[in-house]
Amino acid sequence: MSRAAHLKYDDFVTSGVMLIIPSNISSAMLEHVKADFPFECCGLLAGKGDAVSHIYRMSNTDKSKVTYLMDPAEQMRVFKEMRSLELELKAIYHSHPNHPAWPSRTDIELAYYPEAVYIIISINDSRETEVGSFRIINKEITVEDIDLQ
Amino acid sequence: MAVKVRIPTPLRGLTNGQGEVEAAGRTIGDMLVDLENRYPGIKERLCDEAGNLRRFVNIYVNEEDIRFKQGSDTALSDGDDVSIVPAIAGG
Ligand SMILES: [Zn+2]
């Protein structure tokens, strides 16, 4: 796996540009997190440039409180739709029920999308949420601020 | 059989930055060998030591998951679209 070491943070991120997530999309994302609690939920955000315009709620085939795996067939369909709409994958989100909004060891191990911001939403029993956003490249985590409107 | 192969971002360092490449083979298994000849190092990223597809790698032929076809024995035809798509997963 060491051959991935050529990937650099700078290849994917232009400093000073923040991903903008409009309020309708951020509230849809948080609703998804709450609806699936106490299980982990997952989804994709797509758009162009620095603006997110689409949210895709995905199925967590693990149906687990501690892991997620997006349904591969669903993922393929969504990627195809994104290509036909000329959208780029902007972010991958998932929830951490009763765990902090920070990438787990598994999140780091399985981060295969350097072009995406990894958004992690922690949620507790009182349904309080906290959002963290990261770039995970070559198993290194960089906090990346997003404009959550 | 010449096919088009869509390469995911983390592997593009092995394909000179190209997101889509050509490869040849009668089956997915043959095509992976050809891909390795053209872009050394790519096969070990996709398959384990025994040659089985890694758990978090999905390969599609014309949008059909090869796990639901004949796996690496899945036959290819000229012009098929092959996509290599890493799973999206975590904890
Ligand atoms: Zn996680």
# chains A, B, ... in the order shown; residues from 1 in each chain; ligands from 1
call {"tool": "interface_residues", "arguments": {"of": "chain B", "to": "chain A", "cutoff": "10 Å", "atoms": "only C-alpha atoms", "output": "ChimeraX atom specification"}}
result
/B:8-14,41-42,44-45,56-58,60,63-65,83,85-91
call {"tool": "write_last_selection", "arguments": {"atoms": "C-alpha atoms", "output": "compact mmCIF listing (two decimals), in the first residue's frame"}}
result
# COMPACT_ATOMS: atom_id res chain seq x y z
CA PRO B 8 -10.13 5.40 -9.02
CA THR B 9 -8.22 8.44 -7.74
CA PRO B 10 -5.89 6.66 -5.28
CA LEU B 11 -4.53 4.45 -8.10
CA ARG B 12 -4.00 7.18 -10.69
CA GLY B 13 -0.43 7.66 -9.52
CA LEU B 14 0.21 4.26 -11.10
CA GLY B 41 2.07 -2.37 -8.89
CA ILE B 42 -1.63 -1.98 -9.64
CA GLU B 44 -1.45 -5.91 -5.59
CA ARG B 45 -3.64 -2.94 -4.77
CA PHE B 56 -13.08 -3.27 -0.22
CA VAL B 57 -12.52 -3.22 -3.98
CA ASN B 58 -15.45 -3.60 -6.34
CA TYR B 60 -17.97 -3.72 -12.46
CA GLU B 63 -22.14 -1.66 -14.27
CA GLU B 64 -22.58 -5.24 -13.12
CA ASP B 65 -20.63 -6.30 -10.05
CA SER B 83 -14.94 0.23 -13.49
CA VAL B 85 -14.54 1.34 -7.53
CA PRO B 86 -13.26 1.31 -3.95
CA ALA B 87 -15.96 0.63 -1.38
CA ILE B 88 -16.98 3.44 0.93
CA ALA B 89 -16.75 2.10 4.44
CA GLY B 90 -15.47 2.83 7.90
CA GLY B 91 -16.19 2.58 11.55
call {"tool": "residues_around", "arguments": {"residues": "Glu36 (chain B)", "least_positions_apart": "2", "cutoff": "12 Å", "atoms": "only C-alpha atoms", "output": "PDB file with C-alpha atoms, in the first residue's frame"}}
result
ATOM      1  CA  LEU B  14       0.211   4.264 -11.103  1.00  0.00           C
ATOM      2  CA  THR B  15      -1.481   5.178 -14.417  1.00  0.00           C
ATOM      3  CA  GLU B  22      -7.203   0.656 -22.014  1.00  0.00           C
ATOM      4  CA  ALA B  23      -6.470  -2.953 -21.196  1.00  0.00           C
ATOM      5  CA  ALA B  24      -7.007  -6.313 -22.858  1.00  0.00           C
ATOM      6  CA  GLY B  25      -8.072  -9.787 -21.799  1.00  0.00           C
ATOM      7  CA  GLY B  29      -8.425 -12.130 -14.497  1.00  0.00           C
ATOM      8  CA  ASP B  30      -6.554 -11.801 -17.827  1.00  0.00           C
ATOM      9  CA  MET B  31      -7.258  -8.100 -17.913  1.00  0.00           C
ATOM     10  CA  LEU B  32      -5.783  -7.630 -14.425  1.00  0.00           C
ATOM     11  CA  VAL B  33      -2.578  -9.334 -15.602  1.00  0.00           C
ATOM     12  CA  ASP B  34      -2.457  -7.032 -18.632  1.00  0.00           C
ATOM     13  CA  ARG B  38       1.159  -1.832 -18.308  1.00  0.00           C
ATOM     14  CA  TYR B  39       1.067  -0.276 -14.837  1.00  0.00           C
ATOM     15  CA  PRO B  40       3.281  -2.273 -12.476  1.00  0.00           C
ATOM     16  CA  GLY B  41       2.070  -2.371  -8.893  1.00  0.00           C
ATOM     17  CA  ILE B  42      -1.627  -1.979  -9.638  1.00  0.00           C
ATOM     18  CA  LYS B  43      -2.621  -5.637  -9.183  1.00  0.00           C
ATOM     19  CA  GLU B  44      -1.447  -5.910  -5.595  1.00  0.00           C
ATOM     20  CA  ARG B  45      -3.642  -2.938  -4.771  1.00  0.00           C
ATOM     21  CA  LEU B  46      -6.672  -4.793  -6.132  1.00  0.00           C
ATOM     22  CA  CYS B  47      -5.978  -8.416  -5.233  1.00  0.00           C
TER      23      CYS B  47
END
call {"tool": "residues_around", "arguments": {"residues": "Lys34 (chain A)", "least_positions_apart": "6", "cutoff": "10 Å", "atoms": "only C-alpha atoms", "output": "PyMOL selection string"}}
result
chain A and resi 28+40-41+95+97+123-124+127-129
call {"tool": "write_last_selection", "arguments": {"atoms": "N, CA and C atoms", "output": "mmCIF file, in the first residue's frame"}}
result
data_model
loop_
_atom_site.group_PDB
_atom_site.id
_atom_site.type_symbol
_atom_site.label_atom_id
_atom_site.label_comp_id
_atom_site.auth_asym_id
_atom_site.auth_seq_id
_atom_site.Cartn_x
_atom_site.Cartn_y
_atom_site.Cartn_z
ATOM 1 N N ALA A 28 -30.770 18.173 5.956
ATOM 2 C CA ALA A 28 -31.132 16.816 5.493
ATOM 3 C C ALA A 28 -30.125 15.793 6.027
ATOM 4 N N GLU A 40 -25.248 3.615 12.681
ATOM 5 C CA GLU A 40 -24.463 4.534 11.855
ATOM 6 C C GLU A 40 -25.192 4.740 10.529
ATOM 7 N N CYS A 41 -25.216 5.983 10.060
ATOM 8 C CA CYS A 41 -25.749 6.241 8.734
ATOM 9 C C CYS A 41 -24.604 6.712 7.849
ATOM 10 N N SER A 95 -22.170 8.797 10.509
ATOM 11 C CA SER A 95 -22.389 9.199 11.895
ATOM 12 C C SER A 95 -21.598 8.320 12.856
ATOM 13 N N PRO A 97 -22.556 7.242 16.431
ATOM 14 C CA PRO A 97 -23.467 7.244 17.577
ATOM 15 C C PRO A 97 -22.682 7.046 18.882
ATOM 16 N N ILE A 123 -23.384 11.804 17.439
ATOM 17 C CA ILE A 123 -24.729 12.004 17.988
ATOM 18 C C ILE A 123 -24.823 11.224 19.289
ATOM 19 N N ASN A 124 -25.428 11.860 20.307
ATOM 20 C CA ASN A 124 -25.548 11.165 21.599
ATOM 21 C C ASN A 124 -27.009 10.814 21.884
ATOM 22 N N ARG A 127 -29.711 13.141 21.351
ATOM 23 C CA ARG A 127 -29.811 13.549 19.932
ATOM 24 C C ARG A 127 -29.055 14.856 19.659
ATOM 25 N N GLU A 128 -28.079 15.158 20.509
ATOM 26 C CA GLU A 128 -27.219 16.319 20.238
ATOM 27 C C GLU A 128 -26.161 15.887 19.235
ATOM 28 N N THR A 129 -25.876 16.771 18.269
ATOM 29 C CA THR A 129 -24.921 16.414 17.224
ATOM 30 C C THR A 129 -23.727 17.361 17.217
#
call {"tool": "select_by_dssp", "arguments": {"residues": "region 48-134 of chain A", "states": "alpha helix (DSSP H)", "output": "ChimeraX atom specification"}}
result
/A:72-84,105-109
call {"tool": "closest_residue", "arguments": {"among": "A:Ile21, A:Ile136, A:Ala101, A:Leu89", "to": "ligand 1", "atoms": "only C-alpha atoms and all ligand atoms"}}
result
A:Ala101
call {"tool": "closest_residue", "arguments": {"among": "A:Ser122, A:Thr142, A:Ser84, A:Gln149", "to": "ligand 1", "atoms": "only C-alpha atoms and all ligand atoms"}}
result
A:Ser122
call {"tool": "residues_around", "arguments": {"residues": "region 66-80 of chain B", "least_positions_apart": "4", "cutoff": "8 Å", "atoms": "only C-alpha atoms", "output": "list of chain:residue names"}}
result
B:Met1, B:Ala2, B:Val3, B:Lys4, B:Gly25, B:Arg26, B:Thr27, B:Ile28, B:Gly29, B:Asn58, B:Ile59, B:Tyr60, B:Val61, B:Asn62
call {"tool": "atom_distance", "arguments": {"atom1": "CA of Val52 (chain A)", "atom2": "CA of Ile20 (chain A)"}}
result
6.1 Å
call {"tool": "closest_residue", "arguments": {"among": "A:Lys90, A:Phe39, A:Ser27, A:His54", "to": "ligand 1", "atoms": "only C-alpha atoms and all ligand atoms"}}
result
A:Phe39
call {"tool": "residues_around", "arguments": {"residues": "Ser53 (chain A)", "least_positions_apart": "4", "cutoff": "12 Å", "atoms": "only C-alpha atoms", "output": "PDB file with N, CA and C atoms, in the first residue's frame"}}
result
ATOM      1  N   LEU A  19     -15.483  24.191   1.445  1.00  0.00           N
ATOM      2  CA  LEU A  19     -16.680  23.582   0.865  1.00  0.00           C
ATOM      3  C   LEU A  19     -17.928  24.214   1.499  1.00  0.00           C
ATOM      4  N   ILE A  20     -18.833  24.669   0.636  1.00  0.00           N
ATOM      5  CA  ILE A  20     -20.055  25.320   1.124  1.00  0.00           C
ATOM      6  C   ILE A  20     -21.206  24.322   1.077  1.00  0.00           C
ATOM      7  N   ILE A  21     -21.838  24.097   2.225  1.00  0.00           N
ATOM      8  CA  ILE A  21     -22.971  23.165   2.285  1.00  0.00           C
ATOM      9  C   ILE A  21     -24.221  23.962   2.653  1.00  0.00           C
ATOM     10  N   PRO A  22     -25.128  24.174   1.700  1.00  0.00           N
ATOM     11  CA  PRO A  22     -26.306  24.993   1.964  1.00  0.00           C
ATOM     12  C   PRO A  22     -27.192  24.381   3.058  1.00  0.00           C
ATOM     13  N   SER A  23     -28.015  25.222   3.671  1.00  0.00           N
ATOM     14  CA  SER A  23     -28.762  24.794   4.862  1.00  0.00           C
ATOM     15  C   SER A  23     -29.718  23.632   4.572  1.00  0.00           C
ATOM     16  N   ASN A  24     -30.337  23.606   3.390  1.00  0.00           N
ATOM     17  CA  ASN A  24     -31.262  22.495   3.124  1.00  0.00           C
ATOM     18  C   ASN A  24     -30.531  21.156   3.117  1.00  0.00           C
ATOM     19  N   ILE A  25     -29.275  21.189   2.656  1.00  0.00           N
ATOM     20  CA  ILE A  25     -28.507  19.944   2.601  1.00  0.00           C
ATOM     21  C   ILE A  25     -27.936  19.586   3.964  1.00  0.00           C
ATOM     22  N   SER A  26     -27.458  20.580   4.709  1.00  0.00           N
ATOM     23  CA  SER A  26     -26.932  20.235   6.037  1.00  0.00           C
ATOM     24  C   SER A  26     -28.053  19.759   6.953  1.00  0.00           C
ATOM     25  N   LEU A  44     -23.551  10.664   0.673  1.00  0.00           N
ATOM     26  CA  LEU A  44     -22.614  11.373  -0.194  1.00  0.00           C
ATOM     27  C   LEU A  44     -23.128  12.776  -0.486  1.00  0.00           C
ATOM     28  N   LEU A  45     -22.202  13.711  -0.612  1.00  0.00           N
ATOM     29  CA  LEU A  45     -22.550  15.058  -1.061  1.00  0.00           C
ATOM     30  C   LEU A  45     -21.823  15.317  -2.367  1.00  0.00           C
ATOM     31  N   ALA A  46     -22.541  15.896  -3.323  1.00  0.00           N
ATOM     32  CA  ALA A  46     -21.946  16.155  -4.632  1.00  0.00           C
ATOM     33  C   ALA A  46     -22.216  17.584  -5.045  1.00  0.00           C
ATOM     34  N   GLY A  47     -21.396  18.071  -5.953  1.00  0.00           N
ATOM     35  CA  GLY A  47     -21.587  19.437  -6.428  1.00  0.00           C
ATOM     36  C   GLY A  47     -20.518  19.803  -7.429  1.00  0.00           C
ATOM     37  N   LYS A  48     -20.337  21.094  -7.585  1.00  0.00           N
ATOM     38  CA  LYS A  48     -19.301  21.593  -8.498  1.00  0.00           C
ATOM     39  C   LYS A  48     -18.481  22.651  -7.786  1.00  0.00           C
ATOM     40  N   GLY A  49     -17.188  22.685  -8.077  1.00  0.00           N
ATOM     41  CA  GLY A  49     -16.314  23.678  -7.452  1.00  0.00           C
ATOM     42  C   GLY A  49     -16.364  23.555  -5.939  1.00  0.00           C
ATOM     43  N   MET A  82     -24.095  10.964 -10.881  1.00  0.00           N
ATOM     44  CA  MET A  82     -23.220  12.121 -10.718  1.00  0.00           C
ATOM     45  C   MET A  82     -22.463  12.414 -12.020  1.00  0.00           C
ATOM     46  N   LEU A  85     -24.817  14.024 -14.511  1.00  0.00           N
ATOM     47  CA  LEU A  85     -25.139  15.413 -14.145  1.00  0.00           C
ATOM     48  C   LEU A  85     -23.885  16.289 -14.075  1.00  0.00           C
ATOM     49  N   GLU A  86     -22.731  15.682 -14.406  1.00  0.00           N
ATOM     50  CA  GLU A  86     -21.431  16.364 -14.321  1.00  0.00           C
ATOM     51  C   GLU A  86     -21.160  16.929 -12.930  1.00  0.00           C
ATOM     52  N   LEU A  87     -21.519  16.129 -11.914  1.00  0.00           N
ATOM     53  CA  LEU A  87     -21.243  16.512 -10.530  1.00  0.00           C
ATOM     54  C   LEU A  87     -19.980  15.805 -10.066  1.00  0.00           C
ATOM     55  N   GLU A  88     -19.293  16.442  -9.124  1.00  0.00           N
ATOM     56  CA  GLU A  88     -18.118  15.811  -8.521  1.00  0.00           C
ATOM     57  C   GLU A  88     -18.486  15.340  -7.116  1.00  0.00           C
ATOM     58  N   LEU A  89     -17.828  14.262  -6.690  1.00  0.00           N
ATOM     59  CA  LEU A  89     -17.982  13.824  -5.310  1.00  0.00           C
ATOM     60  C   LEU A  89     -17.273  14.841  -4.420  1.00  0.00           C
ATOM     61  N   LYS A  90     -18.019  15.449  -3.508  1.00  0.00           N
ATOM     62  CA  LYS A  90     -17.428  16.487  -2.664  1.00  0.00           C
ATOM     63  C   LYS A  90     -17.190  16.018  -1.238  1.00  0.00           C
ATOM     64  N   ALA A  91     -18.096  15.196  -0.724  1.00  0.00           N
ATOM     65  CA  ALA A  91     -17.934  14.755   0.662  1.00  0.00           C
ATOM     66  C   ALA A  91     -18.584  13.398   0.878  1.00  0.00           C
TER      67      ALA A  91
END
